[in-house]
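Asker: Below is start.cif; it holds mmCIF, C-alpha atoms and all ligand atoms.
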data_model
#
loop_
_atom_site.label_atom_id
_atom_site.label_comp_id
_atom_site.auth_asym_id
_atom_site.auth_seq_id
_atom_site.Cartn_x
_atom_site.Cartn_y
_atom_site.Cartn_z
CA MET S 1006 118.28 85.99 79.14
CA LYS S 1007 117.24 87.83 82.31
CA VAL S 1008 113.45 88.13 82.45
CA ASN S 1009 111.64 91.08 84.03
CA ASN S 1010 108.00 90.03 84.34
CA PHE S 1011 105.65 93.03 84.64
CA SER S 1012 102.51 91.07 83.81
CA ALA S 1013 99.15 92.27 85.19
CA GLY S 1014 98.20 88.86 86.52
CA PRO S 1015 98.91 86.06 87.02
CA SER S 1016 102.13 87.84 87.78
CA LYS S 1017 105.62 87.58 89.15
CA ILE S 1018 106.00 85.55 92.34
CA PRO S 1019 108.98 86.47 94.56
CA ASP S 1020 112.02 84.31 93.65
CA SER S 1021 112.44 82.96 97.18
CA VAL S 1022 108.81 81.81 97.15
CA VAL S 1023 109.24 80.02 93.81
CA ASN S 1024 112.32 78.26 95.23
CA GLN S 1025 110.51 77.15 98.39
CA VAL S 1026 107.44 76.02 96.44
CA SER S 1027 109.55 73.92 94.09
CA LYS S 1028 111.16 72.18 97.07
CA ASP S 1029 107.79 71.61 98.72
CA ILE S 1030 106.43 70.12 95.50
CA LEU S 1031 109.09 67.45 95.72
CA GLU S 1032 108.61 66.87 99.43
CA TYR S 1033 106.69 68.87 102.03
CA GLN S 1034 108.20 69.27 105.51
CA ASN S 1035 110.00 65.87 105.46
CA LEU S 1036 106.64 64.11 105.30
CA GLY S 1037 107.61 61.90 102.37
CA TYR S 1038 105.01 63.39 100.03
CA SER S 1039 104.40 66.48 97.93
CA VAL S 1040 102.44 69.58 98.99
CA LEU S 1041 100.35 68.81 95.90
CA GLU S 1042 99.08 65.66 97.60
CA ILE S 1043 97.88 67.09 100.89
CA SER S 1044 94.30 66.29 101.84
CA HIS S 1045 92.12 69.25 102.69
CA ARG S 1046 90.93 67.24 105.72
CA SER S 1047 94.45 66.69 107.07
CA LYS S 1048 96.06 68.40 110.07
CA VAL S 1049 98.80 69.61 107.72
CA PHE S 1050 96.33 71.55 105.60
CA GLU S 1051 94.42 72.82 108.63
CA GLU S 1052 97.68 74.30 109.82
CA ILE S 1053 98.32 75.98 106.44
CA LEU S 1054 94.82 77.45 106.49
CA SER S 1055 95.04 78.78 110.01
CA LYS S 1056 98.47 80.33 109.32
CA VAL S 1057 97.15 82.05 106.17
CA LYS S 1058 94.27 83.54 108.14
CA ALA S 1059 96.51 84.60 111.02
CA HIS S 1060 98.88 86.36 108.61
CA LEU S 1061 96.02 88.16 106.87
CA TYR S 1062 94.52 89.32 110.19
CA GLU S 1063 97.90 90.54 111.34
CA LEU S 1064 99.33 92.11 108.18
CA LEU S 1065 96.11 93.82 107.15
CA LYS S 1066 95.12 94.66 110.76
CA ILE S 1067 91.70 93.12 110.20
CA PRO S 1068 89.41 93.58 113.23
CA ASP S 1069 88.11 90.47 115.04
CA ASN S 1070 84.54 91.05 113.92
CA PHE S 1071 85.47 90.16 110.33
CA ASP S 1072 85.40 86.62 108.93
CA ILE S 1073 87.97 85.50 106.38
CA PHE S 1074 87.06 82.73 103.97
CA PHE S 1075 88.31 81.43 100.64
CA LEU S 1076 86.31 80.67 97.52
CA GLN S 1077 86.91 79.59 93.95
CA GLY S 1078 85.45 81.23 90.85
CA GLY S 1079 87.74 84.27 90.88
CA ALA S 1080 86.70 87.83 91.59
CA THR S 1081 84.09 87.44 88.86
CA PHE S 1082 82.12 84.90 90.93
CA GLN S 1083 81.72 87.60 93.60
CA ASN S 1084 79.39 89.42 91.17
CA THR S 1085 76.94 86.57 91.82
CA PHE S 1086 77.98 85.59 95.33
CA ILE S 1087 77.51 89.02 96.93
CA PRO S 1088 74.02 89.76 95.59
CA ALA S 1089 72.91 86.19 96.35
CA ASN S 1090 73.98 86.53 99.97
CA LYS S 1091 72.73 90.10 100.38
CA PRO S 1092 69.30 90.30 98.75
CA THR S 1093 68.52 93.70 100.29
CA LEU S 1094 71.72 95.34 99.02
CA ILE S 1095 70.15 96.69 95.85
CA ASP S 1096 67.88 99.03 97.85
CA ASN S 1097 70.78 100.62 99.64
CA LEU S 1098 73.73 100.68 97.25
CA ILE S 1099 75.60 103.09 95.03
CA PHE S 1100 78.39 102.18 92.65
CA LEU S 1101 81.44 104.26 91.97
CA ILE S 1102 82.47 103.03 88.55
CA SER S 1103 86.04 104.10 87.95
CA GLY S 1104 86.92 101.57 85.26
CA THR S 1105 86.28 98.34 83.44
CA TRP S 1106 86.08 95.95 86.41
CA GLY S 1107 83.65 98.12 88.35
CA LYS S 1108 81.50 98.39 85.23
CA LYS S 1109 81.43 94.61 84.80
CA THR S 1110 80.37 94.15 88.42
CA PHE S 1111 77.70 96.84 88.02
CA GLN S 1112 76.32 95.08 84.94
CA ASP S 1113 76.24 91.72 86.71
CA PHE S 1114 74.49 93.22 89.76
CA GLU S 1115 71.96 94.83 87.41
CA LYS S 1116 71.24 91.44 85.85
CA TYR S 1117 71.11 89.59 89.17
CA TYR S 1118 68.73 91.97 90.90
CA ASN S 1119 66.85 92.75 87.67
CA GLN S 1120 67.13 96.34 88.79
CA ASN S 1121 69.50 99.17 88.06
CA PRO S 1122 71.80 100.06 91.00
CA PHE S 1123 72.52 103.77 91.43
CA SER S 1124 75.88 104.70 90.06
CA ILE S 1125 78.22 107.64 90.25
CA PRO S 1126 80.17 108.04 87.05
CA PHE S 1127 83.85 108.76 87.46
CA ASN S 1128 84.73 111.66 85.20
CA HIS S 1129 88.24 112.25 86.48
CA GLU S 1130 87.00 114.88 88.90
CA THR S 1131 89.15 115.78 91.87
CA TYR S 1132 89.07 113.67 95.01
CA ASP S 1133 87.12 116.43 96.77
CA GLU S 1134 84.46 116.54 94.03
CA LEU S 1135 84.20 112.77 94.11
CA ILE S 1136 83.70 112.73 97.87
CA THR S 1137 81.07 115.48 97.60
CA ASN S 1138 79.20 113.43 94.98
CA VAL S 1139 79.27 110.33 97.17
CA TYR S 1140 78.12 112.32 100.22
CA LYS S 1141 75.08 113.60 98.34
CA SER S 1142 73.57 110.12 98.17
CA ASP S 1143 71.57 108.53 101.00
CA GLU S 1144 72.45 104.90 100.34
CA LYS S 1145 74.28 103.05 103.11
CA TYR S 1146 76.66 101.00 100.95
CA LEU S 1147 79.21 102.16 98.39
CA TYR S 1148 80.81 99.73 95.94
CA ILE S 1149 84.29 100.58 94.66
CA THR S 1150 87.14 98.89 92.83
CA SER S 1151 90.12 100.17 94.80
CA ASN S 1152 92.43 99.63 91.86
CA GLU S 1153 91.19 99.51 88.28
CA THR S 1154 93.80 97.21 86.81
CA ILE S 1155 93.15 98.10 83.17
CA GLU S 1156 92.97 101.90 83.41
CA GLY S 1157 95.50 102.29 86.26
CA ILE S 1158 93.11 104.24 88.52
CA GLN S 1159 93.43 103.75 92.28
CA ILE S 1160 91.39 104.97 95.26
CA ARG S 1161 93.30 104.22 98.46
CA ASN S 1162 91.72 106.53 101.00
CA PHE S 1163 88.59 104.69 102.06
CA ASN S 1164 87.91 106.80 105.15
CA ASN S 1165 87.16 109.74 102.87
CA PHE S 1166 83.82 108.10 102.21
CA ASP S 1167 82.98 107.86 105.88
CA ASN S 1168 79.22 108.23 105.51
CA LYS S 1169 79.19 104.90 103.64
CA GLU S 1170 79.94 101.26 104.36
CA LEU S 1171 82.26 100.04 101.61
CA ILE S 1172 82.25 96.90 99.50
CA ILE S 1173 85.64 96.77 97.79
CA ASP S 1174 87.08 94.73 94.95
CA MET S 1175 90.79 94.76 95.90
CA SER S 1176 91.89 92.16 93.35
CA SER S 1177 94.87 94.14 92.12
CA ASP S 1178 96.00 95.92 95.28
CA ILE S 1179 95.22 93.76 98.30
CA CYS S 1180 98.19 93.56 100.68
CA SER S 1181 100.03 96.36 98.92
CA TYR S 1182 99.27 99.06 101.54
CA VAL S 1183 97.77 99.47 104.99
CA PHE S 1184 94.23 100.80 105.40
CA ASP S 1185 91.62 101.41 108.07
CA TRP S 1186 88.63 99.04 108.33
CA LYS S 1187 86.41 101.59 110.09
CA ASN S 1188 83.84 101.93 107.30
CA ILE S 1189 84.36 98.66 105.42
CA SER S 1190 81.81 95.84 105.21
CA TYR S 1191 83.26 93.50 102.63
CA VAL S 1192 86.56 93.10 100.76
CA TYR S 1193 87.39 90.50 98.15
CA ALA S 1194 90.35 89.78 95.88
CA GLY S 1195 91.61 87.10 93.55
CA ALA S 1196 95.05 85.91 94.71
CA GLN S 1197 96.83 86.00 91.38
CA LYS S 1198 98.42 89.47 91.59
CA ASN S 1199 99.78 90.15 95.08
CA LEU S 1200 99.01 86.90 96.87
CA GLY S 1201 100.14 84.09 94.64
CA ILE S 1202 98.47 82.13 91.89
CA PRO S 1203 94.91 81.85 90.47
CA GLY S 1204 92.36 79.51 91.97
CA VAL S 1205 91.52 81.19 95.25
CA THR S 1206 89.59 84.33 96.12
CA ILE S 1207 90.08 85.96 99.51
CA CYS S 1208 86.79 87.15 101.07
CA ILE S 1209 86.75 89.31 104.21
CA SER S 1210 83.31 90.01 105.57
CA LYS S 1211 82.09 92.01 108.55
CA GLU S 1212 79.90 89.92 110.81
CA GLY S 1213 76.26 90.46 109.91
CA PHE S 1214 76.95 91.85 106.41
CA LEU S 1215 76.03 88.65 104.57
CA GLU S 1216 72.42 87.81 105.37
CA LYS S 1217 71.11 84.33 105.99
CA SER S 1218 69.13 83.02 103.06
CA ASN S 1219 68.06 79.74 101.60
CA LEU S 1220 70.67 79.32 98.88
CA THR S 1221 72.08 76.29 97.13
CA SER S 1222 75.01 74.96 99.08
CA TYR S 1223 78.16 76.34 97.40
CA ILE S 1224 76.78 79.81 97.01
CA ASP S 1225 75.68 80.10 100.64
CA ALA S 1226 78.37 82.13 102.44
CA HIS S 1227 77.52 80.61 105.80
CA ASN S 1228 78.60 77.16 104.67
CA HIS S 1229 82.07 78.50 103.91
CA ILE S 1230 82.34 80.56 107.09
CA ASP S 1231 80.96 77.81 109.36
CA LYS S 1232 83.15 75.08 107.80
CA ASN S 1233 86.32 77.20 107.84
CA SER S 1234 86.68 77.33 104.02
CA ALA S 1235 86.57 73.55 103.71
CA PHE S 1236 82.84 73.10 103.07
CA ASN S 1237 83.87 71.39 99.86
CA THR S 1238 87.37 70.73 98.51
CA PRO S 1239 89.23 74.07 98.58
CA PRO S 1240 92.08 74.93 96.16
CA THR S 1241 94.73 73.56 98.52
CA PHE S 1242 97.78 74.41 96.40
CA SER S 1243 96.70 78.02 95.75
CA ILE S 1244 96.10 78.47 99.49
CA TYR S 1245 99.50 76.98 100.29
CA VAL S 1246 101.21 79.35 97.78
CA MET S 1247 99.35 82.25 99.40
CA LEU S 1248 100.87 81.24 102.74
CA LYS S 1249 104.37 81.34 101.27
CA VAL S 1250 103.72 84.79 99.78
CA LEU S 1251 102.29 86.09 103.08
CA GLU S 1252 105.36 84.77 104.93
CA TRP S 1253 107.51 86.57 102.37
CA ILE S 1254 105.60 89.83 103.03
CA ALA S 1255 106.04 89.41 106.79
CA ASP S 1256 109.77 88.63 106.39
CA SER S 1257 110.22 91.62 104.07
CA GLY S 1258 109.21 93.99 106.86
CA GLY S 1259 105.42 93.76 106.73
CA LEU S 1260 102.89 95.83 104.85
CA GLU S 1261 104.27 99.20 105.94
CA LYS S 1262 107.58 98.37 104.26
CA ILE S 1263 105.87 96.88 101.20
CA GLN S 1264 103.71 100.03 100.94
CA LEU S 1265 106.78 102.27 101.11
CA ASP S 1266 108.62 100.22 98.47
CA ASN S 1267 105.57 100.26 96.18
CA SER S 1268 105.30 104.05 96.41
CA ILE S 1269 109.03 104.51 95.73
CA LYS S 1270 108.93 102.22 92.68
CA ALA S 1271 105.78 103.83 91.28
CA GLU S 1272 106.90 107.42 91.94
CA THR S 1273 110.28 106.70 90.31
CA LEU S 1274 108.56 105.60 87.12
CA TYR S 1275 105.94 108.38 87.16
CA LYS S 1276 108.71 110.96 87.70
CA PHE S 1277 110.56 109.70 84.65
CA LEU S 1278 107.36 109.79 82.55
CA ASP S 1279 106.46 113.31 83.79
CA GLU S 1280 109.97 114.57 83.06
CA ASN S 1281 109.51 113.36 79.50
CA SER S 1282 105.94 114.51 79.07
CA GLU S 1283 106.59 115.61 75.48
CA LYS S 1284 107.01 111.91 74.65
CA PHE S 1285 104.36 110.25 76.83
CA ASN S 1286 100.61 110.48 77.41
CA LEU S 1287 99.36 109.77 80.93
CA SER S 1288 95.61 110.17 81.08
CA VAL S 1289 94.96 109.42 84.78
CA PRO S 1290 94.92 112.54 87.01
CA LYS S 1291 97.77 112.55 89.54
CA GLU S 1292 95.43 112.10 92.54
CA PHE S 1293 94.22 108.78 91.17
CA ARG S 1294 97.41 107.41 89.69
CA SER S 1295 97.75 103.76 90.58
CA TYR S 1296 100.82 102.43 92.33
CA SER S 1297 99.86 98.93 91.17
CA ASN S 1298 99.36 99.45 87.42
CA ILE S 1299 101.10 102.34 85.71
CA VAL S 1300 99.37 103.01 82.42
CA PHE S 1301 100.75 105.29 79.70
CA ASP S 1302 101.37 105.54 76.00
CA PHE S 1303 103.93 107.03 73.67
CA LYS S 1304 102.61 110.12 71.88
CA ASP S 1305 104.00 108.61 68.70
CA SER S 1306 102.05 105.36 68.24
CA LYS S 1307 104.83 103.84 66.10
CA LEU S 1308 107.09 104.03 69.15
CA THR S 1309 104.53 102.08 71.20
CA SER S 1310 104.70 99.06 68.92
CA ASN S 1311 108.49 99.31 68.54
CA PHE S 1312 108.90 99.54 72.31
CA LEU S 1313 106.59 96.60 73.01
CA GLN S 1314 108.30 94.41 70.42
CA SER S 1315 111.75 95.29 71.67
CA SER S 1316 110.62 94.69 75.27
CA VAL S 1317 109.70 91.08 74.50
CA ASN S 1318 113.04 90.58 72.74
CA LYS S 1319 114.88 91.91 75.79
CA GLY S 1320 112.93 89.91 78.38
CA PHE S 1321 110.60 92.67 79.63
CA LEU S 1322 107.34 90.75 79.74
CA GLY S 1323 103.69 91.70 80.13
CA LEU S 1324 104.03 95.38 79.23
CA ASN S 1325 101.21 95.54 76.68
CA GLY S 1326 98.28 97.68 77.77
CA HIS S 1327 95.02 95.74 78.10
CA ARG S 1328 93.65 94.85 74.64
CA SER S 1329 90.67 97.19 75.24
CA ILE S 1330 92.81 100.34 75.54
CA GLY S 1331 96.27 99.52 74.13
CA GLY S 1332 99.36 101.48 75.11
CA VAL S 1333 101.73 100.35 77.85
CA ARG S 1334 100.91 99.00 81.32
CA VAL S 1335 103.58 98.37 83.94
CA SER S 1336 102.27 96.23 86.77
CA ASN S 1337 104.15 97.22 89.88
CA TYR S 1338 102.98 94.55 92.30
CA ASN S 1339 104.75 93.68 95.56
CA SER S 1340 107.13 91.22 93.91
CA ILE S 1341 108.58 93.83 91.54
CA SER S 1342 111.94 95.13 92.76
CA ILE S 1343 113.28 98.66 92.42
CA GLU S 1344 116.07 97.21 90.23
CA MET S 1345 113.43 95.91 87.80
CA VAL S 1346 111.88 99.38 87.59
CA GLU S 1347 115.29 100.98 87.07
CA ASP S 1348 116.09 98.45 84.31
CA LEU S 1349 112.78 99.30 82.68
CA ILE S 1350 113.50 103.03 82.78
CA THR S 1351 116.91 102.41 81.16
CA HIS S 1352 115.12 100.42 78.47
CA LEU S 1353 112.50 103.19 77.99
CA LYS S 1354 115.29 105.76 77.59
CA GLY S 1355 116.23 104.05 74.36
CA PHE S 1356 112.88 105.21 72.92
CA ILE S 1357 112.79 108.90 73.80
C1 LIG K 1401 90.19 94.63 89.79
C2 LIG K 1401 89.80 93.31 89.17
N1 LIG K 1401 88.59 92.80 89.47
C3 LIG K 1401 88.19 91.62 88.96
C4 LIG K 1401 88.99 90.89 88.11
C5 LIG K 1401 88.51 89.56 87.59
O1 LIG K 1401 89.21 88.59 88.25
P1 LIG K 1401 89.02 87.03 87.96
O2 LIG K 1401 89.66 86.77 86.64
O3 LIG K 1401 89.72 86.39 89.11
O4 LIG K 1401 87.55 86.73 87.96
C6 LIG K 1401 90.26 91.38 87.79
C7 LIG K 1401 91.17 90.61 86.90
O5 LIG K 1401 92.21 91.01 86.53
C8 LIG K 1401 90.66 92.62 88.34
O6 LIG K 1401 91.87 93.12 88.05
#
Any chance you could put this one into structure tokens?
Ligand SMILES: Cc1ncc(COP(=O)(O)O)c(C=O)c1O

Answerer:
Amino acid sequence: MKVNNFSAGPSKIPDSVVNQVSKDILEYQNLGYSVLEISHRSKVFEEILSKVKAHLYELLKIPDNFDIFFLQGGATFQNTFIPANKPTLIDNLIFLISGTWGKKTFQDFEKYYNQNPFSIPFNHETYDELITNVYKSDEKYLYITSNETIEGIQIRNFNNFDNKELIIDMSSDICSYVFDWKNISYVYAGAQKNLGIPGVTICISKEGFLEKSNLTSYIDAHNHIDKNSAFNTPPTFSIYVMLKVLEWIADSGGLEKIQLDNSIKAETLYKFLDENSEKFNLSVPKEFRSYSNIVFDFKDSKLTSNFLQSSVNKGFLGLNGHRSIGGVRVSNYNSISIEMVEDLITHLKGFI
């Protein structure tokens, strides 16, 4: 049976990458051993690491005054790592909480600092109202989750908040569009949606953002920056898979092409849902509709469960909405093809 994997993460890896990885597991670059066996102190791994960083700088147009480093612990560890490395942040921070992941980070920051950060609730106002609300505050830093994976809410236009320096959780939309770094201080993302498999978190930090402090060794950002992400044993295989995915992005035409494809795929599905609005509920206002996670529900809840059951039977995987909100979620990451979206629409047509 043909499988169409729309899972929210870990998620589909491009077929050509899976093929290359399986070859490299058997033998890497005619070296006589597997990529799984490479030492993090070897020249071979150093080369992988430097290529990954070079691709990220180039594809994302990251300015030279940003450091890139890789950590373990997922995006969730950043809720401890950032406050630990930036003790003064709490006095100068507002949170824009647009969904579940932002709320979790807010709650962890609150616990870490033993103080309540200022927050701006997101009540589905218009972009203009949101910007006005952010502008009203004096704090230097603004925390946002660029894409709320569970609710399907995305904020892509960071320059709109140009009186703030941004700290952005980009776990579910990194490397899916091009953006300007002008007012960004820190970006982080788990790899397991657009950049490969779990185990590695990409951290991109403007020089001077993370303050020096006397922390225990793993949590001290400077150890990771100074030792080029090999302060202790890094997740070598996850970093290698990220390289293969980045090469695939570059070979596919770069981020501009990926961005265009993502918008075409997402708009095709949204158009179908809008044209059948008597059958579907879409609660996210159009301005904030995510291109990465398209969240909707059938108006008739019986159809939701019938559709989800039939989807599994027909090889459409990972379409269940997050357990906290139910409904349907289509994750439209970079690896999803337009043909997969068209197949899904054909399948949906059987339920309207
Ligand atoms: C936007 C966002 N932030 C954070 C997380 C948590 O990531 P992790 O499981 O890597 O800690 C997720 C997981 O899906 C996410 O989508």

Asker: Considering all atoms listed in the file, can you say which of S:Lys1276, S:Ser1047, S:Phe1356, S:Glu1042 comes closest to Gln1314 (chain S)?

Answerer: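 Comparing S:Lys1276, S:Ser1047, S:Phe1356, S:Glu1042 against Gln1314 (chain S), the winner is S:Phe1356.
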
Asker: Can you work out which residues are within 8 Å of ligand LIG 1401 (chain K), considering only C-alpha atoms and all ligand atoms, and then hand them over as a tab-separated table (two decimals) with C-alpha atoms, in the frame of the given file?

Answerer:
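Written out: result.tsv:
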chain	number	residue	atom	x	y	z
S	1013	ALA	CA	99.15	92.27	85.19
S	1014	GLY	CA	98.20	88.86	86.52
S	1078	GLY	CA	85.45	81.23	90.85
S	1079	GLY	CA	87.74	84.27	90.88
S	1080	ALA	CA	86.70	87.83	91.59
S	1081	THR	CA	84.09	87.44	88.86
S	1082	PHE	CA	82.12	84.90	90.93
S	1106	TRP	CA	86.08	95.95	86.41
S	1107	GLY	CA	83.65	98.12	88.35
S	1150	THR	CA	87.14	98.89	92.83
S	1151	SER	CA	90.12	100.17	94.80
S	1152	ASN	CA	92.43	99.63	91.86
S	1153	GLU	CA	91.19	99.51	88.28
S	1154	THR	CA	93.80	97.21	86.81
S	1155	ILE	CA	93.15	98.10	83.17
S	1174	ASP	CA	87.08	94.73	94.95
S	1175	MET	CA	90.79	94.76	95.90
S	1176	SER	CA	91.89	92.16	93.35
S	1177	SER	CA	94.87	94.14	92.12
S	1194	ALA	CA	90.35	89.78	95.88
S	1195	GLY	CA	91.61	87.10	93.55
S	1196	ALA	CA	95.05	85.91	94.71
S	1197	GLN	CA	96.83	86.00	91.38
S	1203	PRO	CA	94.91	81.85	90.47
S	1204	GLY	CA	92.36	79.51	91.97
S	1206	THR	CA	89.59	84.33	96.12

Asker: With a distance cut-off of 12 Å and all atoms listed in the file, select the neighbouring residues of Lys1284 (chain S), excluding the residue or stretch itself and same-chain residues fewer than 6 positions from it, and output the selection as an mmCIF file with C-alpha atoms, in the frame of the given file.

Answerer:
data_model
loop_
_atom_site.group_PDB
_atom_site.id
_atom_site.type_symbol
_atom_site.label_atom_id
_atom_site.label_comp_id
_atom_site.auth_asym_id
_atom_site.auth_seq_id
_atom_site.Cartn_x
_atom_site.Cartn_y
_atom_site.Cartn_z
ATOM 1 C CA PHE S 1277 110.560 109.700 84.650
ATOM 2 C CA LEU S 1278 107.360 109.790 82.550
ATOM 3 C CA PHE S 1301 100.750 105.290 79.700
ATOM 4 C CA ASP S 1302 101.370 105.540 76.000
ATOM 5 C CA PHE S 1303 103.930 107.030 73.670
ATOM 6 C CA LYS S 1304 102.610 110.120 71.880
ATOM 7 C CA ASP S 1305 104.000 108.610 68.700
ATOM 8 C CA SER S 1306 102.050 105.360 68.240
ATOM 9 C CA LYS S 1307 104.830 103.840 66.100
ATOM 10 C CA LEU S 1308 107.090 104.030 69.150
ATOM 11 C CA THR S 1309 104.530 102.080 71.200
ATOM 12 C CA LEU S 1353 112.500 103.190 77.990
ATOM 13 C CA LYS S 1354 115.290 105.760 77.590
ATOM 14 C CA PHE S 1356 112.880 105.210 72.920
ATOM 15 C CA ILE S 1357 112.790 108.900 73.800
#

Asker: Give me, as a PyMOL selection string, all polymer residues having an atom no more than 12 Å from Lys1262 (chain S), counting only C-alpha atoms and skipping those fewer than 3 positions away in the same chain.

Answerer: chain S and resi 1064+1180-1183+1253-1259+1265-1269+1339

Asker: Kindly indicate which residue among S:Lys1145, S:Arg1046, S:Lys1066, S:His1227 lies nearest to Thr1241 (chain S), using only C-alpha atoms for the distances.

Answerer: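 Closest to Thr1241 (chain S) of all the choices is S:Arg1046.
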
Asker: By how many Å are CA of Phe1184 (chain S) and CA of Lys1270 (chain S) apart?

Answerer: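 Calculated distance between CA of Phe1184 (chain S) and CA of Lys1270 (chain S) is 19.5 Å.
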
Asker: Name the closest residue to Gln1112 (chain S) among the candidates S:Phe1127, S:Tyr1146, S:Phe1100, S:Phe1163; distances are taken between atoms, counting all atoms listed in the file.

Answerer: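 Between S:Phe1127, S:Tyr1146, S:Phe1100, S:Phe1163, the residue approaching Gln1112 (chain S) most closely is S:Phe1100.
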
Asker: What gap, in Å, lies between CA of Phe1086 (chain S) and CA of Tyr1338 (chain S)?

Answerer: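 Between these atoms lies a distance of 26.7 Å.
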
Asker: Which residues come within 12 Å of Phe1293 (chain S), counting all atoms listed in the file, excluding same-chain residues fewer than 2 positions away, as a PDB file with C-alpha atoms, keeping the file's coordinate frame?

Answerer:
ATOM      1  CA  SER S1103      86.040 104.100  87.950  1.00  0.00           C
ATOM      2  CA  GLY S1104      86.920 101.570  85.260  1.00  0.00           C
ATOM      3  CA  PHE S1127      83.850 108.760  87.460  1.00  0.00           C
ATOM      4  CA  ASN S1128      84.730 111.660  85.200  1.00  0.00           C
ATOM      5  CA  HIS S1129      88.240 112.250  86.480  1.00  0.00           C
ATOM      6  CA  GLU S1130      87.000 114.880  88.900  1.00  0.00           C
ATOM      7  CA  THR S1131      89.150 115.780  91.870  1.00  0.00           C
ATOM      8  CA  TYR S1132      89.070 113.670  95.010  1.00  0.00           C
ATOM      9  CA  ASP S1133      87.120 116.430  96.770  1.00  0.00           C
ATOM     10  CA  LEU S1135      84.200 112.770  94.110  1.00  0.00           C
ATOM     11  CA  SER S1151      90.120 100.170  94.800  1.00  0.00           C
ATOM     12  CA  ASN S1152      92.430  99.630  91.860  1.00  0.00           C
ATOM     13  CA  GLU S1153      91.190  99.510  88.280  1.00  0.00           C
ATOM     14  CA  GLU S1156      92.970 101.900  83.410  1.00  0.00           C
ATOM     15  CA  GLY S1157      95.500 102.290  86.260  1.00  0.00           C
ATOM     16  CA  ILE S1158      93.110 104.240  88.520  1.00  0.00           C
ATOM     17  CA  GLN S1159      93.430 103.750  92.280  1.00  0.00           C
ATOM     18  CA  ILE S1160      91.390 104.970  95.260  1.00  0.00           C
ATOM     19  CA  ARG S1161      93.300 104.220  98.460  1.00  0.00           C
ATOM     20  CA  ASN S1162      91.720 106.530 101.000  1.00  0.00           C
ATOM     21  CA  LEU S1287      99.360 109.770  80.930  1.00  0.00           C
ATOM     22  CA  SER S1288      95.610 110.170  81.080  1.00  0.00           C
ATOM     23  CA  VAL S1289      94.960 109.420  84.780  1.00  0.00           C
ATOM     24  CA  PRO S1290      94.920 112.540  87.010  1.00  0.00           C
ATOM     25  CA  LYS S1291      97.770 112.550  89.540  1.00  0.00           C
ATOM     26  CA  SER S1295      97.750 103.760  90.580  1.00  0.00           C
ATOM     27  CA  TYR S1296     100.820 102.430  92.330  1.00  0.00           C
ATOM     28  CA  SER S1297      99.860  98.930  91.170  1.00  0.00           C
ATOM     29  CA  ASN S1298      99.360  99.450  87.420  1.00  0.00           C
ATOM     30  CA  ILE S1299     101.100 102.340  85.710  1.00  0.00           C
ATOM     31  CA  VAL S1300      99.370 103.010  82.420  1.00  0.00           C
TER      32      VAL S1300
END

Asker: Residues of region 1047-1145 of chain S that have any atom at most 8 Å from an atom of region 1165-1168 of chain S: could you tabulate them with the shortest-distance atom pair and the distance in Å to one decimal, using only C-alpha atoms, ordered by chain and increasing number, as JSON lines?

Answerer:
{"residue": "S:Ile1136", "atom": "CA", "partner": "S:Phe1166", "partner_atom": "CA", "distance": 6.3}
{"residue": "S:Val1139", "atom": "CA", "partner": "S:Phe1166", "partner_atom": "CA", "distance": 7.1}
{"residue": "S:Tyr1140", "atom": "CA", "partner": "S:Asn1168", "partner_atom": "CA", "distance": 6.8}
{"residue": "S:Lys1145", "atom": "CA", "partner": "S:Asn1168", "partner_atom": "CA", "distance": 7.5}

Asker: Counting all atoms listed in the file, what is within 12 Å of Tyr1223 (chain S), bar same-chain residues fewer than 2 positions away, as a PyMOL selection string?

Answerer: chain S and resi 1075-1078+1082+1085-1086+1089-1090+1219-1221+1225-1230+1232+1234-1239

Asker: Go through S:Val1333, S:Ile1350, S:Leu1171, S:Ile1202 and flag the residue nearest Ser1243 (chain S), using all atoms listed in the file for the distances.

Answerer: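 The answer is S:Ile1202, which sits nearest to Ser1243 (chain S).
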
Asker: What would region 1296-1301 of chain S look like if you wrote it out as an mmCIF file, in the first residue's frame, with N, CA, C and O atoms included, from the block I just posted?

Answerer:
data_model
loop_
_atom_site.group_PDB
_atom_site.id
_atom_site.type_symbol
_atom_site.label_atom_id
_atom_site.label_comp_id
_atom_site.auth_asym_id
_atom_site.auth_seq_id
_atom_site.Cartn_x
_atom_site.Cartn_y
_atom_site.Cartn_z
ATOM 1 N N TYR S 1296 1.187 27.476 7.120
ATOM 2 C CA TYR S 1296 1.514 26.673 5.948
ATOM 3 C C TYR S 1296 2.110 25.331 6.374
ATOM 4 O O TYR S 1296 2.228 24.420 5.566
ATOM 5 N N SER S 1297 2.519 25.223 7.631
ATOM 6 C CA SER S 1297 3.185 23.996 8.091
ATOM 7 C C SER S 1297 2.193 22.974 8.645
ATOM 8 O O SER S 1297 2.371 21.770 8.433
ATOM 9 N N ASN S 1298 1.202 23.450 9.393
ATOM 10 C CA ASN S 1298 0.208 22.534 9.984
ATOM 11 C C ASN S 1298 -1.181 23.096 9.708
ATOM 12 O O ASN S 1298 -1.534 24.163 10.205
ATOM 13 N N ILE S 1299 -1.934 22.385 8.913
ATOM 14 C CA ILE S 1299 -3.265 22.858 8.506
ATOM 15 C C ILE S 1299 -4.289 22.121 9.368
ATOM 16 O O ILE S 1299 -4.413 20.895 9.302
ATOM 17 N N VAL S 1300 -4.952 22.905 10.214
ATOM 18 C CA VAL S 1300 -5.794 22.310 11.258
ATOM 19 C C VAL S 1300 -7.258 22.627 10.953
ATOM 20 O O VAL S 1300 -7.613 23.784 10.738
ATOM 21 N N PHE S 1301 -8.099 21.602 10.921
ATOM 22 C CA PHE S 1301 -9.523 21.815 10.662
ATOM 23 C C PHE S 1301 -10.313 20.657 11.257
ATOM 24 O O PHE S 1301 -9.742 19.707 11.795
#
